[in-house]
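Reading through the structure tokens given below for one structure.
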Amino acid sequence: MSEEPNGVPRALISVALPIALVFGLAQALQFARSRNYFRPEPPLKVPPVRFEDVTERMGMKYFYRPPNLGTDPKPRTIKYIIAPGVVVADFNGDGYMDVFVPNGDAASPSALYLNQGGKGFKDAAKAWGVDHINAGHSSAISAAVIDFNRDGRPDLFIAGVGCSRLFRNDGDHFTDVSARSKATDCRNSQGAIPFDVNNDGWPDLYVFRYFRDIDLFDSSSDDVLKENTFDARNG
């Protein structure tokens with residue numbers, strides 16, 4: 001029988017080595033079972049998600065009226081007006097998120113719900129000067145928050161039928177700066193997205209619309225909604 005240099009027969013090594021490997025593997029499996037390594041984790045119990053309507057309890061009483069397009073608006077025009085576009089931001093800087101809800105009808109007030117420390121909301125639209133935002137040739141559809149002057153206060157851009165408007169946040173009220181800011185868009189905007197398009201550090205506004213060069217307040221004309229895709233295309 002041939003031997004290894006240390007005197008152990010080679011045949012014995014060829015037999016003992018597999019036995020040792022099997023024994024070691026068995027011991028490893030037994031250890032793993034004792035530590036529950038192979039036991040599947042119990043399914044995670046996720047509680048069902050439920051929402052509760054607390055609108056009135058939290059002080060929100062709002063009724064939306066669509067834009068008034070004239071004394072006899074075309075029914076097919078009204079069905080394309082979808083509103084309001086609600087925005088959420090900390091307008092008064094108290095650390096709690098507030099809610100602004102525009103109204104489309106000139107006679108109906110918009111709402112600025114200031115968060116009362118997480119315990120409810122108080123409508124401060126009149127005190128802040130944004131209760132009646134539909135002045136002249138405008139009727140609000142949605143709003144966008146933008147800090148256009150980078151003072152840390154969220155300002156309001158109001159998009160809608162007719163002309164858009166821009167309100168600067170002065171800490172405890174809003175000031176209409178539409179004319180001086182040159183942000184008045186009178187081509188029936190539907191909404192806006194704020195972002196720094198030219199990367200100069202100042203927020204810009206991308207304003208989008210459904211109708212181009214069409215006066216939606218002129219409800220006496222059949223051209224309120226053009227019957228072709230060129231004039232009715234988005235943007």
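Here's how to read the names in the structure tokens: chain A, B, ... by the order shown, residue numbers from 1 in each chain, ligand numbers from 1 in the order shown.
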Residues within 12 Å of Gly152 of chain A, only C-alpha atoms, excluding chain neighbours under 2 positions, as a PyMOL selection string: chain A and resi 89-93+145-150+154-155+168-171
Give the alpha helix (DSSP H) residues of segment 129-208 of chain A, as DSSP finds them on the backbone, and put them as a list in words. Ser178, Ala179, Arg180 and Ser181 of chain A
Would you mind exporting the chosen residues as a PDB file, in the first residue's frame, restricted to C-alpha atoms?
```pdb
ATOM      1  CA  SER A 178     -49.534  90.398 -12.468  1.00  0.00           C
ATOM      2  CA  ALA A 179     -48.958  93.534 -14.552  1.00  0.00           C
ATOM      3  CA  ARG A 180     -45.558  94.578 -13.236  1.00  0.00           C
ATOM      4  CA  SER A 181     -44.161  91.035 -13.359  1.00  0.00           C
TER       5      SER A 181
END
```
Set the distance at 9 Å and use only C-alpha atoms: which residues neighbour segment 182-186 of chain A once local chain neighbours fewer than 3 positions away are removed? I'd like the list as an NGL selection string. :A and (137-138 or 157 or 159-166 or 177-179 or 189 or 205 or 207 or 213)
So which one's closest to Asp94 of chain A, A:Arg153, A:Arg187, A:Lys45, A:Arg57? Using only C-alpha atoms, please.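 Among the listed residues, A:Arg153 lies closest to Asp94 of chain A.
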Under the rule that only C-alpha atoms are counted, which of A:Val99, A:Leu44, A:Ile158, A:Asn198 is the nearest residue to Lys122 of chain A?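 With only C-alpha atoms as the atom set, the closest residue is A:Val99.
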Nearest to Leu112 of chain A among A:Lys61, A:Asn134, A:Thr55, A:Leu25, with distances taken over only C-alpha atoms: which residue is it?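 With only C-alpha atoms as the atom set, the closest residue is A:Lys61.
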Nearest residue to Ala124 of chain A from the set A:Asp105, A:Asp204, A:Asp151, A:Asp172 (distances using only C-alpha atoms):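 Of A:Asp105, A:Asp204, A:Asp151, A:Asp172, the one nearest Ala124 of chain A, counting only C-alpha atoms, is A:Asp172.
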